[in-house]
>>> print(open('structure34.cif').read())   # mmCIF, C-alpha atoms
data_input
loop_
_atom_site.label_atom_id
_atom_site.label_comp_id
_atom_site.auth_asym_id
_atom_site.auth_seq_id
_atom_site.Cartn_x
_atom_site.Cartn_y
_atom_site.Cartn_z
CA MET A 281 0.00 0.00 0.00
CA GLN A 282 1.22 3.50 -0.84
CA ILE A 283 0.57 6.28 1.70
CA LYS A 284 1.82 9.58 0.40
CA TYR A 285 2.98 12.50 2.51
CA SER A 286 1.83 15.01 -0.11
CA TYR A 287 -1.86 15.16 -0.89
CA LEU A 288 -1.91 18.06 -3.34
CA ASP A 289 -2.84 16.04 -6.40
CA GLN A 290 -5.89 14.76 -4.51
CA GLN A 291 -6.89 18.09 -3.01
CA PHE A 292 -6.74 19.91 -6.33
CA SER A 293 -7.93 17.12 -8.60
CA ASP A 294 -11.00 19.15 -9.58
CA VAL A 295 -9.08 22.09 -11.00
CA GLU A 296 -11.94 23.30 -13.21
CA THR A 297 -13.71 24.90 -10.25
CA TYR A 298 -10.58 26.95 -9.56
CA PHE A 299 -10.18 27.81 -13.24
CA GLN A 300 -13.71 29.21 -13.26
CA ASP A 301 -12.74 31.62 -10.48
CA LEU A 302 -9.44 32.47 -12.15
CA ARG A 303 -11.17 33.27 -15.43
CA LYS A 304 -13.15 35.92 -13.57
CA LEU A 305 -9.88 37.40 -12.33
CA VAL A 306 -8.32 37.35 -15.79
CA SER A 307 -11.33 39.12 -17.27
CA THR A 308 -10.79 42.07 -14.91
CA GLY A 309 -7.02 42.45 -15.34
CA GLU A 310 -6.72 43.09 -11.58
CA PHE A 311 -3.36 41.38 -11.24
CA THR A 312 -1.83 43.55 -8.46
CA LEU A 313 -3.74 43.74 -5.16
CA GLY A 314 -7.25 44.92 -6.04
CA PRO A 315 -10.72 43.55 -5.24
CA PHE A 316 -9.88 39.84 -5.23
CA VAL A 317 -7.15 40.30 -2.61
CA GLU A 318 -9.37 42.64 -0.57
CA ALA A 319 -12.25 40.17 -0.62
CA PHE A 320 -10.01 37.34 0.52
CA GLU A 321 -8.49 39.45 3.31
CA LYS A 322 -11.94 40.34 4.64
CA LYS A 323 -13.03 36.71 4.44
CA PHE A 324 -9.93 35.51 6.28
CA ALA A 325 -10.24 38.21 8.96
CA ALA A 326 -13.83 37.14 9.60
CA TYR A 327 -12.82 33.48 9.85
CA ILE A 328 -9.99 34.18 12.30
CA GLY A 329 -11.95 36.78 14.25
CA VAL A 330 -9.86 39.94 13.83
CA LYS A 331 -10.34 43.44 12.41
CA HIS A 332 -7.54 43.29 9.85
CA ALA A 333 -5.93 40.70 7.58
CA ILE A 334 -3.12 41.79 5.26
CA GLY A 335 -2.00 39.44 2.51
CA THR A 336 1.71 38.99 1.74
CA ASN A 337 3.69 37.11 -0.86
CA THR A 338 4.98 34.48 1.61
CA GLY A 339 4.64 33.34 5.19
CA THR A 340 8.23 34.41 5.75
CA GLY A 341 7.33 37.88 4.49
CA ALA A 342 4.41 37.92 6.89
CA LEU A 343 6.81 37.24 9.77
CA ILE A 344 9.30 39.90 8.65
CA LEU A 345 6.62 42.55 8.25
CA SER A 346 5.06 41.59 11.59
CA LEU A 347 8.37 42.10 13.38
CA LYS A 348 8.80 45.46 11.69
CA ALA A 349 5.28 46.45 12.74
CA VAL A 350 6.19 46.07 16.43
CA ASP A 351 9.41 48.09 15.91
CA VAL A 352 11.95 45.27 16.10
CA CYS A 353 15.12 46.96 14.89
CA PRO A 354 18.76 46.15 14.15
CA GLY A 355 20.71 45.33 17.30
CA SER A 356 17.66 44.19 19.27
CA GLU A 357 16.76 40.64 20.35
CA VAL A 358 13.76 38.42 19.69
CA ILE A 359 13.02 35.34 21.80
CA THR A 360 11.78 32.23 20.00
CA VAL A 361 11.81 28.45 20.30
CA ALA A 362 14.82 26.35 19.33
CA ASN A 363 12.75 23.84 17.34
CA THR A 364 11.05 25.49 14.39
CA PHE A 365 11.31 25.90 10.64
CA ILE A 366 14.15 28.15 9.51
CA ALA A 367 11.72 30.88 8.36
CA THR A 368 10.99 31.85 11.97
CA VAL A 369 14.62 32.58 12.69
CA GLY A 370 15.37 33.88 9.22
CA ALA A 371 12.71 36.56 9.70
CA ILE A 372 14.36 37.73 12.92
CA VAL A 373 17.73 37.96 11.21
CA ALA A 374 16.19 39.71 8.19
CA VAL A 375 15.13 42.67 10.33
CA GLY A 376 18.61 42.91 11.83
CA ALA A 377 17.77 41.43 15.23
CA ARG A 378 19.45 38.59 17.12
CA PRO A 379 17.44 35.40 17.68
CA VAL A 380 17.52 34.24 21.30
CA PHE A 381 16.46 30.62 21.65
CA VAL A 382 14.46 28.90 24.38
CA ASP A 383 14.24 25.12 24.72
CA CYS A 384 11.14 23.04 23.92
CA ASP A 385 8.64 21.37 26.19
CA GLU A 386 7.37 17.82 25.70
CA ARG A 387 4.66 19.06 23.33
CA TYR A 388 7.42 20.34 21.00
CA GLN A 389 6.43 23.93 21.81
CA ILE A 390 8.35 26.75 23.49
CA ASP A 391 9.00 25.97 27.17
CA VAL A 392 7.27 28.88 28.88
CA THR A 393 9.18 28.27 32.13
CA LYS A 394 12.40 29.30 30.38
CA ILE A 395 11.24 32.46 28.60
CA GLU A 396 11.79 34.91 31.45
CA ALA A 397 15.44 33.94 31.88
CA ALA A 398 16.04 34.80 28.22
CA ILE A 399 14.73 38.37 28.51
CA THR A 400 17.32 41.15 28.43
CA PRO A 401 17.13 44.95 28.02
CA LYS A 402 17.51 44.32 24.26
CA THR A 403 14.45 42.07 23.98
CA MET A 404 12.01 43.69 21.56
CA ALA A 405 9.59 40.82 20.96
CA ILE A 406 8.66 37.28 21.92
CA LEU A 407 7.95 35.09 18.90
CA PRO A 408 6.18 31.86 19.92
CA VAL A 409 5.52 29.28 17.19
CA HIS A 410 2.34 27.24 16.81
CA TRP A 411 4.63 24.43 15.73
CA ALA A 412 3.05 21.77 13.50
CA GLY A 413 -0.35 23.40 14.00
CA CYS A 414 -0.30 22.99 17.79
CA PRO A 415 -0.70 26.13 19.94
CA PRO A 416 1.83 26.76 22.72
CA GLU A 417 0.73 27.99 26.16
CA MET A 418 -0.28 31.44 24.98
CA ASP A 419 -1.86 32.53 28.28
CA LYS A 420 1.44 32.09 30.12
CA ILE A 421 3.41 33.70 27.31
CA LEU A 422 1.13 36.74 27.38
CA GLU A 423 1.42 37.01 31.15
CA ILE A 424 5.23 37.08 30.97
CA ALA A 425 5.24 39.49 28.03
CA GLY A 426 2.75 41.79 29.76
CA ARG A 427 4.81 42.04 32.94
CA HIS A 428 7.87 43.05 30.93
CA GLY A 429 6.09 45.25 28.40
CA ILE A 430 7.25 43.14 25.43
CA PRO A 431 5.04 42.64 22.34
CA VAL A 432 4.13 39.13 21.25
CA VAL A 433 4.35 38.25 17.56
CA GLU A 434 2.79 34.87 16.82
CA ASP A 435 4.27 32.58 14.22
CA ALA A 436 0.99 30.87 13.39
CA CYS A 437 2.21 29.91 9.92
CA PRO A 438 1.26 26.20 10.29
CA ALA A 439 -1.90 26.84 12.29
CA VAL A 440 -4.88 28.17 10.35
CA GLY A 441 -7.88 26.75 12.20
CA ALA A 442 -6.02 26.03 15.45
CA LYS A 443 -7.62 27.39 18.62
CA ILE A 444 -7.30 27.63 22.38
CA ASN A 445 -10.67 27.56 24.12
CA GLY A 446 -12.33 28.76 20.95
CA ARG A 447 -9.90 31.61 20.23
CA SER A 448 -7.94 31.39 17.00
CA ALA A 449 -4.18 30.99 16.85
CA GLY A 450 -2.59 34.23 15.73
CA THR A 451 -5.01 36.46 17.69
CA PHE A 452 -3.41 36.36 21.14
CA GLY A 453 -0.46 38.67 20.57
CA GLU A 454 -0.29 42.13 19.06
CA ILE A 455 0.08 40.56 15.64
CA GLY A 456 0.15 37.11 14.03
CA ALA A 457 1.55 35.66 10.81
CA PHE A 458 0.22 32.77 8.72
CA SER A 459 1.59 30.87 5.74
CA MET A 460 -0.32 29.45 2.77
CA HIS A 461 2.51 27.25 1.55
CA PRO A 462 1.14 24.24 -0.39
CA LEU A 463 1.50 21.88 2.59
CA LYS A 464 -0.09 24.18 5.17
CA PRO A 465 -3.73 23.63 6.21
CA LEU A 466 -4.86 26.68 4.19
CA ASN A 467 -2.84 26.36 1.02
CA VAL A 468 -2.46 27.92 -2.41
CA TRP A 469 -0.65 27.13 -5.66
CA GLY A 470 2.76 28.35 -4.55
CA ASP A 471 3.55 30.75 -1.73
CA GLY A 472 1.36 33.15 0.18
CA GLY A 473 1.11 34.70 3.62
CA ILE A 474 -1.32 36.63 5.79
CA ILE A 475 -0.83 38.96 8.76
CA VAL A 476 -3.64 39.53 11.28
CA THR A 477 -4.05 42.25 13.88
CA ASN A 478 -6.67 44.29 15.69
CA ASP A 479 -4.42 47.35 15.74
CA ASP A 480 -5.51 49.96 13.19
CA LYS A 481 -2.14 51.70 13.03
CA MET A 482 -0.26 48.47 12.49
CA ALA A 483 -2.65 47.49 9.72
CA GLU A 484 -2.21 50.87 8.04
CA PHE A 485 1.58 50.55 8.21
CA LEU A 486 1.53 47.01 6.84
CA ARG A 487 -0.68 47.85 3.88
CA LEU A 488 1.68 50.67 2.97
CA TYR A 489 4.92 48.83 3.64
CA ARG A 490 4.01 45.69 1.63
CA ASN A 491 3.26 47.89 -1.41
CA HIS A 492 6.42 50.04 -1.70
CA GLY A 493 5.00 52.54 0.81
CA LEU A 494 2.60 53.82 -1.85
CA LEU A 495 -0.37 55.80 -0.57
CA ASP A 496 -1.63 55.81 -4.14
CA ARG A 497 -0.04 55.58 -7.58
CA ASP A 498 1.79 58.90 -7.24
CA HIS A 499 2.48 59.36 -3.52
CA VAL A 500 5.08 57.44 -1.50
CA GLU A 501 4.22 57.75 2.19
CA ILE A 502 7.04 55.59 3.65
CA TRP A 503 9.91 53.50 2.33
CA GLY A 504 8.54 50.02 1.72
CA VAL A 505 9.01 46.78 -0.18
CA ASN A 506 7.06 44.64 -2.62
CA ASP A 507 5.53 41.85 -0.52
CA ARG A 508 2.01 41.75 -1.93
CA LEU A 509 -0.23 38.70 -1.99
CA GLN A 510 -0.85 37.81 -5.63
CA PRO A 511 -4.52 38.02 -6.66
CA PHE A 512 -4.53 34.56 -8.25
CA GLN A 513 -3.34 33.10 -4.92
CA ALA A 514 -6.09 35.02 -3.15
CA VAL A 515 -8.60 33.40 -5.53
CA VAL A 516 -7.27 29.91 -4.76
CA GLY A 517 -7.02 30.65 -1.04
CA SER A 518 -10.58 31.92 -0.94
CA ARG A 519 -11.96 28.69 -2.37
CA VAL A 520 -9.84 26.57 0.00
CA LEU A 521 -11.02 28.73 2.92
CA ASP A 522 -14.60 27.70 2.08
CA THR A 523 -13.62 24.11 2.92
CA ILE A 524 -11.13 24.73 5.74
CA GLU A 525 -13.33 23.46 8.58
CA THR A 526 -14.08 20.18 6.80
CA LEU A 527 -10.40 19.82 5.95
CA VAL A 528 -9.23 20.52 9.51
CA GLU A 529 -11.81 18.21 11.08
CA ALA A 530 -10.61 15.40 8.82
CA ARG A 531 -7.04 15.96 9.99
CA ILE A 532 -8.15 15.99 13.62
CA ARG A 533 -10.08 12.76 13.15
CA ASN A 534 -7.12 11.03 11.52
CA ALA A 535 -4.77 12.22 14.25
CA ARG A 536 -7.09 10.83 16.92
CA LEU A 537 -7.25 7.49 15.13
CA LEU A 538 -3.44 7.36 15.05
CA ASP A 539 -3.26 8.35 18.74
CA GLU A 540 -5.66 5.53 19.56
CA GLY A 541 -3.87 3.03 17.36
CA LEU A 542 -0.52 3.73 18.99
CA LYS A 543 -1.78 3.13 22.53
CA GLY A 544 0.19 0.44 24.31
CA LEU A 545 3.40 1.33 22.46
CA GLU A 546 4.35 4.27 24.69
CA SER A 547 7.73 2.76 25.54
CA CYS A 548 8.59 2.86 21.83
CA ILE A 549 6.50 5.56 20.15
CA ARG A 550 4.52 8.30 21.86
CA PRO A 551 2.29 11.19 20.75
CA PRO A 552 2.56 14.35 22.85
CA HIS A 553 0.02 15.36 25.48
CA ARG A 554 -3.13 16.90 23.98
CA PRO A 555 -4.34 19.59 26.45
CA SER A 556 -8.05 20.09 26.97
CA GLY A 557 -9.38 23.12 25.13
CA TYR A 558 -6.60 23.07 22.52
CA ARG A 559 -7.64 22.52 18.93
CA GLU A 560 -4.63 21.29 16.97
CA VAL A 561 -4.79 21.22 13.19
CA TYR A 562 -1.97 18.73 12.59
CA GLN A 563 -0.11 20.46 9.81
CA LEU A 564 2.36 17.80 10.93
CA TYR A 565 1.41 14.73 12.95
CA LEU A 566 4.48 14.40 15.18
CA VAL A 567 5.43 11.63 17.60
CA THR A 568 8.66 10.69 19.33
CA ALA A 569 10.03 7.22 18.58
CA THR A 570 12.87 4.99 19.68
CA ARG A 571 15.07 3.70 16.85
CA ARG A 572 13.60 6.57 14.86
CA ASP A 573 15.80 6.39 11.78
CA GLU A 574 15.32 2.63 11.49
CA LEU A 575 11.57 3.08 11.89
CA VAL A 576 11.44 5.70 9.13
CA LYS A 577 13.41 3.45 6.79
CA PHE A 578 11.08 0.54 7.58
CA LEU A 579 7.94 2.59 7.00
CA VAL A 580 9.21 4.02 3.71
CA SER A 581 10.10 0.51 2.53
CA HIS A 582 6.47 -0.41 3.19
CA GLY A 583 5.12 2.50 1.15
CA ILE A 584 4.45 4.85 4.07
CA GLU A 585 6.08 8.24 3.44
CA ALA A 586 7.18 9.11 6.97
CA LYS A 587 9.33 12.23 7.35
CA VAL A 588 11.62 13.87 9.92
CA HIS A 589 11.03 17.51 10.95
CA TYR A 590 13.91 18.31 11.59
CA PRO A 591 17.05 16.23 12.23
CA ILE A 592 19.38 19.21 12.85
CA PRO A 593 18.21 21.92 15.28
CA ILE A 594 18.61 25.47 14.03
CA HIS A 595 21.11 26.46 16.71
CA LEU A 596 23.44 23.73 15.38
CA GLN A 597 23.14 24.73 11.72
CA ASN A 598 26.11 26.38 9.99
CA ALA A 599 24.12 29.59 9.56
CA ALA A 600 23.76 29.89 13.34
CA GLN A 601 27.46 29.61 14.23
CA GLY A 602 27.74 33.33 14.90
CA LEU A 603 25.01 33.20 17.57
CA GLY A 604 27.31 31.44 20.02
CA TYR A 605 25.20 28.39 20.78
CA LYS A 606 26.59 24.86 21.08
CA ARG A 607 25.37 21.30 21.43
CA GLY A 608 23.92 20.79 24.90
CA ASP A 609 22.44 24.29 25.22
CA PHE A 610 18.92 23.06 24.45
CA PRO A 611 18.84 19.40 25.47
CA VAL A 612 15.11 18.79 24.97
CA CYS A 613 15.19 20.23 21.46
CA GLU A 614 18.28 18.19 20.63
CA ARG A 615 16.75 14.97 21.96
CA GLN A 616 13.55 15.58 20.02
CA ALA A 617 15.58 16.17 16.85
CA ASP A 618 16.79 12.58 17.25
CA GLU A 619 13.36 11.15 18.08
CA ILE A 620 10.60 13.02 16.23
CA VAL A 621 8.95 11.38 13.23
CA THR A 622 6.11 12.76 11.11
CA LEU A 623 3.44 10.29 10.01
CA PRO A 624 0.99 10.99 7.15
CA ALA A 625 -2.31 12.12 8.70
CA HIS A 626 -3.67 14.62 6.21
CA GLN A 627 -7.30 14.94 5.16
CA HIS A 628 -7.03 12.42 2.32
CA ILE A 629 -5.73 9.54 4.45
CA THR A 630 -8.27 6.72 4.76
CA ASP A 631 -9.09 4.49 7.73
CA LYS A 632 -7.54 1.59 5.87
CA GLN A 633 -4.30 3.53 5.43
CA ILE A 634 -4.24 4.47 9.11
CA ASP A 635 -4.73 0.82 10.08
CA TYR A 636 -1.92 -0.14 7.71
CA THR A 637 0.39 2.49 9.23
CA VAL A 638 -0.34 1.34 12.78
CA SER A 639 0.13 -2.31 11.82
CA ALA A 640 3.49 -1.54 10.21
CA ILE A 641 4.66 0.32 13.33
CA ARG A 642 3.56 -2.56 15.54
CA GLU A 643 5.32 -4.99 13.24
CA PHE A 644 8.53 -2.98 13.44
CA TYR A 645 8.61 -2.75 17.21
CA GLY A 646 7.37 -6.32 17.63
CA ALA A 647 10.30 -7.57 15.58
CA HIS A 648 12.77 -5.51 17.61
CA ASN A 649 11.28 -6.40 20.99
#
>>> encode(input="structure34.cif", output="structure tokens")
Amino acid sequence: MQIKYSYLDQQFSDVETYFQDLRKLVSTGEFTLGPFVEAFEKKFAAYIGVKHAIGTNTGTGALILSLKAVDVCPGSEVITVANTFIATVGAIVAVGARPVFVDCDERYQIDVTKIEAAITPKTMAILPVHWAGCPPEMDKILEIAGRHGIPVVEDACPAVGAKINGRSAGTFGEIGAFSMHPLKPLNVWGDGGIIVTNDDKMAEFLRLYRNHGLLDRDHVEIWGVNDRLQPFQAVVGSRVLDTIETLVEARIRNARLLDEGLKGLESCIRPPHRPSGYREVYQLYLVTATRRDELVKFLVSHGIEAKVHYPIPIHLQNAAQGLGYKRGDFPVCERQADEIVTLPAHQHITDKQIDYTVSAIREFYGAHN
């Protein structure tokens, strides 16, 4: 049996419905911002529950612009988690700030008990990540940030649809960034990003800054960049947004079936704790496993496209050498880098495929035990 990690050919098999929408766009010639982007932004803002949504060309761009919006500047510091995709840290570096890492907890999220010790007079923002579509402990992060007067910028790139007690990821801090990369829950045909905020001044700045600082065609209000969401991506994103709840619920269901199927194997393979009130969207279905690399090889040989996210922590990458970190500084993150495996659990996985995955895992550990 073949169980693919990527589901894009299945999700977009009925391309004609998208082409119908795109033909409407082509007939208008509105290929730079315009009504299609504005309509999608309003639709996304309503779904998330915020006043403003500002589309960007990428999720990374959304993070960079979000940091700029809270006045992170060259020479300052931004606190984030040691285990994340490189875009989180790359955005901090792109605005001239220094990333300051905090270790992970056992849910693969930022360890809130270690944030305060990382704060210095140079700290200009805390950047928690909703890693793999799982929210961190935002209430505790906000409490710490509030006591120190530090803005919170949420990297909610993998987490469209995720919630804590009914409140959407990306809406807890001053500003939040989302990605619409093809393998994110809300995805488009390439790259795309969205920033959300309830702050009117931030929204005004972001709309100017992402469009060269242009107030209109002839007036440049501020120095800006070109980081606009493309209208054709807004068209695709809008149609996917119509189905996002069905899509997310399917992921949640599949994750629960895998959690249930792996019960009794906790000494070998273990899902993280799922806190009450947290709605995870499982952009990645992560578990920790003994003999991880052997398990991945075994699963792949049986047609199950298991992945590793990620085998080398960012603080140990060549790009991070100048930050002064070394192996042993973040032991939980480093252990998880050796243990985490991603299993296919997307919305197109069937019950039969889940049973096959669980059976293969049990076969692997049964043979080794």
>>> residues_around(input="structure34.cif", residues="region 416-418 of chain A", least_positions_apart="3", cutoff="12 Å", atoms="all atoms listed in the file", output="PyMOL selection string")
chain A and resi 360-361+384-393+395+406-413+421-426+432-436+439+442-445+447-453+553-560
>>> resolve_selection(input="structure34.cif", expression="the PyMOL selection byres ((chain A and resi 489-500) around 10)", output="number ranges by chain")
A: 312-313, 334-337, 341-342, 345, 348-349, 483-488, 501-509
>>> residues_around(input="structure34.cif", residues="Ile641 (chain A)", least_positions_apart="6", cutoff="9 Å", atoms="only C-alpha atoms", output="ChimeraX atom specification")
/A:542,549,575,578-579
>>> residues_around(input="structure34.cif", residues="Gln513 (chain A)", least_positions_apart="3", cutoff="7 Å", atoms="all atoms listed in the file", output="list in words")
Val468, Trp469, Gly472, Gln510, Val516 and Gly517 of chain A
>>> write_last_selection(input="structure34.cif", atoms="C-alpha atoms", output="CSV table (one decimal), in the frame of the given file")
chain,number,residue,atom,x,y,z
A,468,VAL,CA,-2.5,27.9,-2.4
A,469,TRP,CA,-0.6,27.1,-5.7
A,472,GLY,CA,1.4,33.2,0.2
A,510,GLN,CA,-0.8,37.8,-5.6
A,516,VAL,CA,-7.3,29.9,-4.8
A,517,GLY,CA,-7.0,30.6,-1.0
>>> residues_near_point(input="structure34.cif", point="(4.4, 15.7, 17.6)", cutoff="6 Å", atoms="all atoms listed in the file", output="list in words")
Pro551, Pro552, Tyr565, Leu566 and Val567 of chain A
>>> resolve_selection(input="structure34.cif", expression="the PyMOL selection byres ((chain A and resi 611-621) around 8)", output="count of residues only")
29
>>> closest_residue(input="structure34.cif", among="A:Ala377, A:Ile634, A:Val580, A:Leu521", to="Tyr327 (chain A)", atoms="all atoms listed in the file")
A:Leu521
>>> closest_residue(input="structure34.cif", among="A:Gly602, A:Thr637, A:Pro431, A:Gln290", to="His582 (chain A)", atoms="all atoms listed in the file")
A:Thr637
>>> closest_residue(input="structure34.cif", among="A:Gln633, A:Gln563, A:Thr297, A:Thr308", to="Cys414 (chain A)", atoms="only C-alpha atoms")
A:Gln563
>>> atom_distance(input="structure34.cif", atom1="CA of Ala371 (chain A)", atom2="CA of Met460 (chain A)")
16.4 Å
>>> build_atoms(input="structure34.cif", residues="region 306-319 of chain A", atoms="N, CA, C and O atoms", output="mmCIF file, in the frame of the given file")
data_model
loop_
_atom_site.group_PDB
_atom_site.id
_atom_site.type_symbol
_atom_site.label_atom_id
_atom_site.label_comp_id
_atom_site.auth_asym_id
_atom_site.auth_seq_id
_atom_site.Cartn_x
_atom_site.Cartn_y
_atom_site.Cartn_z
ATOM 1 N N VAL A 306 -8.978 36.982 -14.539
ATOM 2 C CA VAL A 306 -8.320 37.350 -15.790
ATOM 3 C C VAL A 306 -9.154 38.372 -16.560
ATOM 4 O O VAL A 306 -8.630 39.319 -17.155
ATOM 5 N N SER A 307 -10.466 38.212 -16.515
ATOM 6 C CA SER A 307 -11.330 39.120 -17.270
ATOM 7 C C SER A 307 -11.279 40.546 -16.752
ATOM 8 O O SER A 307 -11.589 41.496 -17.481
ATOM 9 N N THR A 308 -10.864 40.721 -15.487
ATOM 10 C CA THR A 308 -10.790 42.070 -14.910
ATOM 11 C C THR A 308 -9.424 42.721 -15.109
ATOM 12 O O THR A 308 -9.311 43.946 -15.055
ATOM 13 N N GLY A 309 -8.374 41.899 -15.263
ATOM 14 C CA GLY A 309 -7.020 42.450 -15.340
ATOM 15 C C GLY A 309 -6.495 42.968 -14.023
ATOM 16 O O GLY A 309 -5.470 43.654 -13.982
ATOM 17 N N GLU A 310 -7.148 42.622 -12.915
ATOM 18 C CA GLU A 310 -6.720 43.090 -11.580
ATOM 19 C C GLU A 310 -5.635 42.156 -11.046
ATOM 20 O O GLU A 310 -5.876 41.334 -10.173
ATOM 21 N N PHE A 311 -4.422 42.308 -11.549
ATOM 22 C CA PHE A 311 -3.360 41.380 -11.240
ATOM 23 C C PHE A 311 -2.418 41.850 -10.131
ATOM 24 O O PHE A 311 -1.456 41.154 -9.793
ATOM 25 N N THR A 312 -2.643 43.038 -9.572
ATOM 26 C CA THR A 312 -1.830 43.550 -8.460
ATOM 27 C C THR A 312 -2.766 44.086 -7.388
ATOM 28 O O THR A 312 -3.467 45.091 -7.615
ATOM 29 N N LEU A 313 -2.790 43.414 -6.230
ATOM 30 C CA LEU A 313 -3.740 43.740 -5.160
ATOM 31 C C LEU A 313 -5.152 43.797 -5.758
ATOM 32 O O LEU A 313 -5.541 42.923 -6.507
ATOM 33 N N GLY A 314 -5.942 44.811 -5.429
ATOM 34 C CA GLY A 314 -7.250 44.920 -6.040
ATOM 35 C C GLY A 314 -8.355 44.171 -5.317
ATOM 36 O O GLY A 314 -8.168 43.651 -4.207
ATOM 37 N N PRO A 315 -9.532 44.054 -5.933
ATOM 38 C CA PRO A 315 -10.720 43.550 -5.240
ATOM 39 C C PRO A 315 -10.658 42.089 -4.834
ATOM 40 O O PRO A 315 -11.269 41.695 -3.833
ATOM 41 N N PHE A 316 -9.932 41.259 -5.583
ATOM 42 C CA PHE A 316 -9.880 39.840 -5.230
ATOM 43 C C PHE A 316 -9.054 39.626 -3.961
ATOM 44 O O PHE A 316 -9.414 38.810 -3.107
ATOM 45 N N VAL A 317 -7.948 40.366 -3.834
ATOM 46 C CA VAL A 317 -7.150 40.300 -2.610
ATOM 47 C C VAL A 317 -7.937 40.881 -1.435
ATOM 48 O O VAL A 317 -7.979 40.297 -0.342
ATOM 49 N N GLU A 318 -8.589 42.016 -1.640
ATOM 50 C CA GLU A 318 -9.370 42.640 -0.570
ATOM 51 C C GLU A 318 -10.487 41.726 -0.085
ATOM 52 O O GLU A 318 -10.734 41.612 1.125
ATOM 53 N N ALA A 319 -11.157 41.070 -1.014
ATOM 54 C CA ALA A 319 -12.250 40.170 -0.620
ATOM 55 C C ALA A 319 -11.720 38.996 0.193
ATOM 56 O O ALA A 319 -12.341 38.590 1.191
#
